[in-house]
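K.L.:
So I've got this file, data08.pdb, and it contains PDB, C-alpha atoms:
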```pdb
ATOM      1  CA  MET A  29      -9.901  -0.788 -10.000  1.00  0.00           C
ATOM      2  CA  SER A  30      -7.568   0.807 -12.518  1.00  0.00           C
ATOM      3  CA  THR A  31      -5.033   3.318 -11.358  1.00  0.00           C
ATOM      4  CA  LYS A  32      -4.458   6.582 -13.188  1.00  0.00           C
ATOM      5  CA  ASN A  33      -0.712   6.408 -12.694  1.00  0.00           C
ATOM      6  CA  GLU A  34       1.077   3.183 -13.592  1.00  0.00           C
ATOM      7  CA  ILE A  35       3.994   4.008 -11.272  1.00  0.00           C
ATOM      8  CA  VAL A  36       1.805   3.724  -8.170  1.00  0.00           C
ATOM      9  CA  LEU A  37       3.052   0.974  -5.855  1.00  0.00           C
ATOM     10  CA  ARG A  38       0.224   1.366  -3.327  1.00  0.00           C
ATOM     11  CA  PRO A  39      -3.045   1.941  -5.225  1.00  0.00           C
ATOM     12  CA  ARG A  40      -5.711   4.062  -3.565  1.00  0.00           C
ATOM     13  CA  PHE A  41      -9.384   4.636  -4.170  1.00  0.00           C
ATOM     14  CA  LYS A  42     -12.192   6.723  -2.728  1.00  0.00           C
ATOM     15  CA  PHE A  43     -15.955   6.721  -3.103  1.00  0.00           C
ATOM     16  CA  ASP A  44     -19.023   8.123  -1.365  1.00  0.00           C
ATOM     17  CA  VAL A  45     -21.966   6.033  -0.174  1.00  0.00           C
ATOM     18  CA  GLU A  46     -25.450   6.847   1.060  1.00  0.00           C
ATOM     19  CA  HIS A  47     -25.131   5.000   4.399  1.00  0.00           C
ATOM     20  CA  SER A  48     -23.802   5.972   7.817  1.00  0.00           C
ATOM     21  CA  ASN A  49     -20.283   4.902   8.637  1.00  0.00           C
ATOM     22  CA  GLU A  50     -21.462   2.897  11.674  1.00  0.00           C
ATOM     23  CA  SER A  51     -23.771   0.765   9.535  1.00  0.00           C
ATOM     24  CA  LEU A  52     -20.904   0.129   7.098  1.00  0.00           C
ATOM     25  CA  LEU A  53     -18.494  -0.741   9.889  1.00  0.00           C
ATOM     26  CA  GLU A  54     -21.061  -3.176  11.293  1.00  0.00           C
ATOM     27  CA  LEU A  55     -21.152  -4.926   7.910  1.00  0.00           C
ATOM     28  CA  PHE A  56     -17.449  -5.711   8.251  1.00  0.00           C
ATOM     29  CA  ASP A  57     -17.929  -6.820  11.859  1.00  0.00           C
ATOM     30  CA  GLU A  58     -20.596  -9.263  10.631  1.00  0.00           C
ATOM     31  CA  ALA A  59     -18.379 -10.405   7.754  1.00  0.00           C
ATOM     32  CA  LYS A  60     -15.609 -11.130  10.246  1.00  0.00           C
ATOM     33  CA  LYS A  61     -17.858 -13.646  12.002  1.00  0.00           C
ATOM     34  CA  SER A  62     -19.521 -15.184   8.952  1.00  0.00           C
ATOM     35  CA  GLN A  63     -16.511 -16.163   6.805  1.00  0.00           C
ATOM     36  CA  ASN A  64     -12.998 -17.598   7.121  1.00  0.00           C
ATOM     37  CA  ASP A  65     -11.453 -16.582   3.787  1.00  0.00           C
ATOM     38  CA  PHE A  66     -10.167 -13.216   5.032  1.00  0.00           C
ATOM     39  CA  ILE A  67      -8.976 -11.717   8.278  1.00  0.00           C
ATOM     40  CA  VAL A  68     -11.066  -8.660   9.079  1.00  0.00           C
ATOM     41  CA  SER A  69      -9.878  -6.392  11.854  1.00  0.00           C
ATOM     42  CA  ARG A  70     -11.315  -3.068  12.885  1.00  0.00           C
ATOM     43  CA  VAL A  71      -9.901  -0.167  14.864  1.00  0.00           C
ATOM     44  CA  ASP A  72     -12.290   2.783  15.208  1.00  0.00           C
ATOM     45  CA  ASP A  73     -13.180   3.849  11.630  1.00  0.00           C
ATOM     46  CA  HIS A  74     -10.428   1.727  10.070  1.00  0.00           C
ATOM     47  CA  VAL A  75     -10.958  -1.755   8.650  1.00  0.00           C
ATOM     48  CA  PHE A  76      -8.035  -3.963   7.641  1.00  0.00           C
ATOM     49  CA  LEU A  77      -8.624  -6.866   5.262  1.00  0.00           C
ATOM     50  CA  LYS A  78      -5.905  -9.462   4.794  1.00  0.00           C
ATOM     51  CA  PHE A  79      -5.410 -13.106   4.013  1.00  0.00           C
ATOM     52  CA  PRO A  80      -4.969 -15.834   6.628  1.00  0.00           C
ATOM     53  CA  LYS A  81      -1.405 -17.035   7.181  1.00  0.00           C
ATOM     54  CA  GLU A  82      -1.873 -20.203   5.122  1.00  0.00           C
ATOM     55  CA  LYS A  83      -2.845 -18.136   2.028  1.00  0.00           C
ATOM     56  CA  GLN A  84      -0.172 -15.471   2.456  1.00  0.00           C
ATOM     57  CA  HIS A  85       3.084 -15.236   0.585  1.00  0.00           C
ATOM     58  CA  PHE A  86       5.821 -12.608   0.823  1.00  0.00           C
ATOM     59  CA  TRP A  87       4.029 -10.270  -1.596  1.00  0.00           C
ATOM     60  CA  SER A  88       0.485 -10.728  -0.234  1.00  0.00           C
ATOM     61  CA  PRO A  89      -1.337  -7.396  -0.092  1.00  0.00           C
ATOM     62  CA  GLN A  90      -3.719  -6.065   2.486  1.00  0.00           C
ATOM     63  CA  LEU A  91      -6.529  -3.569   2.097  1.00  0.00           C
ATOM     64  CA  HIS A  92      -6.887  -0.712   4.548  1.00  0.00           C
ATOM     65  CA  LEU A  93     -10.300   0.957   4.514  1.00  0.00           C
ATOM     66  CA  GLU A  94     -11.082   4.175   6.311  1.00  0.00           C
ATOM     67  CA  ILE A  95     -14.801   4.793   6.539  1.00  0.00           C
ATOM     68  CA  ASN A  96     -15.477   8.421   7.454  1.00  0.00           C
ATOM     69  CA  LYS A  97     -18.859   9.906   8.165  1.00  0.00           C
ATOM     70  CA  ASP A  98     -19.982  12.991   6.338  1.00  0.00           C
ATOM     71  CA  TYR A  99     -20.421  15.668   8.987  1.00  0.00           C
ATOM     72  CA  ASP A 100     -22.855  17.608   6.793  1.00  0.00           C
ATOM     73  CA  ASP A 101     -25.151  14.608   6.350  1.00  0.00           C
ATOM     74  CA  GLU A 102     -24.934  11.812   8.953  1.00  0.00           C
ATOM     75  CA  SER A 103     -26.502   9.338   6.519  1.00  0.00           C
ATOM     76  CA  LYS A 104     -23.559   9.598   4.091  1.00  0.00           C
ATOM     77  CA  SER A 105     -20.013   8.290   4.312  1.00  0.00           C
ATOM     78  CA  THR A 106     -16.781   8.354   2.365  1.00  0.00           C
ATOM     79  CA  ILE A 107     -14.712   5.202   2.003  1.00  0.00           C
ATOM     80  CA  TYR A 108     -10.973   5.574   1.433  1.00  0.00           C
ATOM     81  CA  GLY A 109      -9.091   2.439   0.401  1.00  0.00           C
ATOM     82  CA  LEU A 110      -5.368   1.756   0.277  1.00  0.00           C
ATOM     83  CA  PHE A 111      -3.795  -1.438  -1.008  1.00  0.00           C
ATOM     84  CA  GLY A 112      -0.359  -2.176   0.291  1.00  0.00           C
ATOM     85  CA  PRO A 113       2.007  -4.940   1.245  1.00  0.00           C
ATOM     86  CA  ASN A 114       2.350  -6.311   4.726  1.00  0.00           C
ATOM     87  CA  PRO A 115       3.573  -3.395   6.892  1.00  0.00           C
ATOM     88  CA  THR A 116       6.778  -5.294   7.710  1.00  0.00           C
ATOM     89  CA  VAL A 117       7.583  -5.696   4.009  1.00  0.00           C
ATOM     90  CA  TRP A 118       6.748  -2.034   3.344  1.00  0.00           C
ATOM     91  CA  THR A 119       8.982  -0.885   6.222  1.00  0.00           C
ATOM     92  CA  MET A 120      11.833  -3.061   4.952  1.00  0.00           C
ATOM     93  CA  PHE A 121      11.537  -1.587   1.445  1.00  0.00           C
ATOM     94  CA  MET A 122      11.449   1.969   2.800  1.00  0.00           C
ATOM     95  CA  PHE A 123      14.493   1.232   4.971  1.00  0.00           C
ATOM     96  CA  PHE A 124      16.422  -0.035   1.932  1.00  0.00           C
ATOM     97  CA  HIS A 125      15.392   3.005  -0.135  1.00  0.00           C
ATOM     98  CA  PHE A 126      16.527   5.420   2.577  1.00  0.00           C
ATOM     99  CA  LEU A 127      19.772   3.488   3.097  1.00  0.00           C
ATOM    100  CA  VAL A 128      20.531   3.700  -0.638  1.00  0.00           C
ATOM    101  CA  ALA A 129      19.728   7.440  -0.619  1.00  0.00           C
ATOM    102  CA  ILE A 130      21.952   8.110   2.402  1.00  0.00           C
ATOM    103  CA  ILE A 131      24.857   6.167   0.885  1.00  0.00           C
ATOM    104  CA  PHE A 132      24.363   8.003  -2.433  1.00  0.00           C
ATOM    105  CA  ILE A 133      24.378  11.423  -0.728  1.00  0.00           C
ATOM    106  CA  GLY A 134      27.339  10.505   1.494  1.00  0.00           C
ATOM    107  CA  PHE A 135      29.469   9.347  -1.395  1.00  0.00           C
ATOM    108  CA  GLY A 136      28.334  12.360  -3.436  1.00  0.00           C
ATOM    109  CA  CYS A 137      29.669  14.689  -0.716  1.00  0.00           C
ATOM    110  CA  TRP A 138      32.890  12.687  -0.529  1.00  0.00           C
ATOM    111  CA  ALA A 139      33.282  12.796  -4.335  1.00  0.00           C
ATOM    112  CA  TYR A 140      32.692  16.569  -4.377  1.00  0.00           C
ATOM    113  CA  SER A 141      35.265  17.050  -1.614  1.00  0.00           C
ATOM    114  CA  ASN A 142      37.843  15.012  -3.498  1.00  0.00           C
ATOM    115  CA  TRP A 143      37.046  16.831  -6.752  1.00  0.00           C
ATOM    116  CA  SER A 144      37.473  20.245  -5.078  1.00  0.00           C
ATOM    117  CA  LEU A 145      40.804  19.059  -3.612  1.00  0.00           C
ATOM    118  CA  ASP A 146      41.951  17.764  -7.004  1.00  0.00           C
ATOM    119  CA  ALA A 147      42.068  14.223  -5.589  1.00  0.00           C
ATOM    120  CA  SER A 148      40.819  11.021  -7.197  1.00  0.00           C
ATOM    121  CA  PHE A 149      37.053  10.554  -6.911  1.00  0.00           C
ATOM    122  CA  GLY A 150      36.364   7.665  -9.303  1.00  0.00           C
ATOM    123  CA  ILE A 151      35.543   5.114  -6.588  1.00  0.00           C
ATOM    124  CA  GLN A 152      32.976   7.453  -5.017  1.00  0.00           C
ATOM    125  CA  VAL A 153      31.269   8.104  -8.359  1.00  0.00           C
ATOM    126  CA  GLY A 154      31.307   4.361  -9.080  1.00  0.00           C
ATOM    127  CA  ILE A 155      29.559   3.643  -5.769  1.00  0.00           C
ATOM    128  CA  MET A 156      27.028   6.409  -6.524  1.00  0.00           C
ATOM    129  CA  VAL A 157      26.246   4.757  -9.871  1.00  0.00           C
ATOM    130  CA  MET A 158      25.938   1.412  -8.085  1.00  0.00           C
ATOM    131  CA  MET A 159      23.426   2.996  -5.643  1.00  0.00           C
ATOM    132  CA  ILE A 160      21.351   4.208  -8.589  1.00  0.00           C
ATOM    133  CA  LEU A 161      21.355   0.669  -9.997  1.00  0.00           C
ATOM    134  CA  ILE A 162      20.359  -0.759  -6.601  1.00  0.00           C
ATOM    135  CA  TRP A 163      17.535   1.785  -6.385  1.00  0.00           C
ATOM    136  CA  PHE A 164      16.228   0.589  -9.779  1.00  0.00           C
ATOM    137  CA  VAL A 165      16.467  -3.036  -8.603  1.00  0.00           C
ATOM    138  CA  LEU A 166      14.439  -2.150  -5.484  1.00  0.00           C
ATOM    139  CA  TYR A 167      11.881  -0.299  -7.570  1.00  0.00           C
ATOM    140  CA  PHE A 168      11.413  -3.161 -10.028  1.00  0.00           C
ATOM    141  CA  ALA A 169      11.295  -5.684  -7.164  1.00  0.00           C
ATOM    142  CA  GLY A 170       8.413  -3.658  -5.738  1.00  0.00           C
ATOM    143  CA  ARG A 171       6.692  -3.627  -9.128  1.00  0.00           C
ATOM    144  CA  MET A 172       7.212  -7.386  -9.438  1.00  0.00           C
ATOM    145  CA  GLY A 173       5.722  -7.842  -5.965  1.00  0.00           C
ATOM    146  CA  LYS A 174       2.724  -5.741  -6.899  1.00  0.00           C
ATOM    147  CA  ARG A 175       2.186  -7.842 -10.016  1.00  0.00           C
ATOM    148  CA  THR A 176       2.569 -11.057  -7.980  1.00  0.00           C
ATOM    149  CA  GLY A 177      -0.037  -9.868  -5.480  1.00  0.00           C
ATOM    150  CA  MET A 178      -2.453  -8.478  -8.093  1.00  0.00           C
ATOM    151  CA  GLY A 179      -4.763 -11.507  -7.993  1.00  0.00           C
ATOM    152  CA  GLN A 180      -5.041 -11.230  -4.225  1.00  0.00           C
ATOM    153  CA  MET A 181      -5.650  -7.482  -4.534  1.00  0.00           C
ATOM    154  CA  HIS A 182      -8.645  -8.275  -6.727  1.00  0.00           C
ATOM    155  CA  GLU A 183      -9.867 -10.867  -4.215  1.00  0.00           C
ATOM    156  CA  LEU A 184      -9.682  -8.289  -1.397  1.00  0.00           C
ATOM    157  CA  HIS A 185     -11.465  -5.696  -3.525  1.00  0.00           C
ATOM    158  CA  HIS A 186     -14.211  -8.173  -4.473  1.00  0.00           C
ATOM    159  CA  PHE A 187     -14.672  -9.158  -0.824  1.00  0.00           C
ATOM    160  CA  MET A 188     -14.999  -5.487   0.156  1.00  0.00           C
ATOM    161  CA  ARG A 189     -17.405  -4.852  -2.707  1.00  0.00           C
ATOM    162  CA  ASP A 190     -19.526  -7.928  -1.936  1.00  0.00           C
ATOM    163  CA  THR A 191     -19.641  -7.052   1.764  1.00  0.00           C
ATOM    164  CA  LEU A 192     -20.846  -3.553   0.972  1.00  0.00           C
ATOM    165  CA  ARG A 193     -23.289  -4.785  -1.675  1.00  0.00           C
ATOM    166  CA  SER A 194     -24.914  -7.025   0.937  1.00  0.00           C
ATOM    167  CA  LYS A 195     -26.584  -3.824   2.139  1.00  0.00           C
ATOM    168  CA  ASN A 196     -27.491  -2.709  -1.411  1.00  0.00           C
ATOM    169  CA  ILE A 197     -24.977   0.087  -1.414  1.00  0.00           C
ATOM    170  CA  HIS A 198     -24.940   1.838  -4.746  1.00  0.00           C
ATOM    171  CA  GLY A 199     -22.035   3.507  -6.492  1.00  0.00           C
ATOM    172  CA  LEU A 200     -19.650   0.545  -6.197  1.00  0.00           C
ATOM    173  CA  LYS A 201     -17.575  -0.514  -9.167  1.00  0.00           C
TER     174      LYS A 201
END
```
As a first step, turn the structure in this file into structure tokens.
P.N.:
Amino acid sequence: MSTKNEIVLRPRFKFDVEHSNESLLELFDEAKKSQNDFIVSRVDDHVFLKFPKEKQHFWSPQLHLEINKDYDDESKSTIYGLFGPNPTVWTMFMFFHFLVAIIFIGFGCWAYSNWSLDASFGIQVGIMVMMILIWFVLYFAGRMGKRTGMGQMHELHHFMRDTLRSKNIHGLK
């Protein structure tokens, strides 16, 4: 499950299998009933794997699988996987990133206006530098969260792999 780019905060994967998407989706429906270690929820061709509340922490990941059928050959499917934090955590991080960007751009415009008017613009540039520092703090907090949730990411991936292997699906890593 290595990623090609180390900067990736939400790792993705994709692989093809020689089974119909309905048979694969049924495997996860069966797994939902036969175990209590993971919460398995399904909406159409999407399967969400996450940890129960008692095993979750702030940085706990979830695995979103999209199992698409191959329209050229009904007996084949493509599985797309996306690891990510709880959607609430992800939304909060995106909100903070956009807030920092808006403040940076706003103070950049204000600094440019003051510069063009030959007025003092040191405070505005100082706040812009502070926004850059805050952006780095947010970025490294996200990286720290990814590292904290890495063990659980592996558990989710192994559960997905073992569920699919229960039907002798080849091509899994």
K.L.:
Looking at A:Glu82, A:Asp44, A:Glu58, A:Asp190, which one is nearest to Gly109 (chain A), with distances taken over all atoms listed in the file?
P.N.:
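Once distances to Gly109 (chain A) are computed over all atoms listed in the file, the minimum belongs to A:Asp44.
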K.L.:
What gap, in Å, lies between CA of Ser103 (chain A) and CA of Arg38 (chain A)?
P.N.:
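We find that CA of Ser103 (chain A) and CA of Arg38 (chain A) lie 29.6 Å from each other.
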K.L.:
Hey, can I get the axis-aligned box for region 157-160 of chain A? All listed atoms, 4 Å padding on each side, centre and edge lengths in Å to one decimal, as lines of an AutoDock Vina configuration file.
P.N.:
```
center_x = 23.8
center_y = 3.1
center_z = -7.8
size_x = 12.9
size_y = 11.3
size_z = 12.2
```
K.L.:
Considering all atoms listed in the file, state which residue in the set A:Val75, A:Met172, A:Leu52, A:Val165 is at the smallest distance from His125 (chain A).
P.N.:
A:Val165
K.L.:
Could you pull the residues within 10 Å of region 115-119 of chain A, counting only C-alpha atoms, minus those fewer than 4 positions along the same chain, as a list in words?
P.N.:
Arg38, Phe86, Trp87, Ser88, Pro89, Gln90, Phe123, Phe124, His125 and Gly170 of chain A
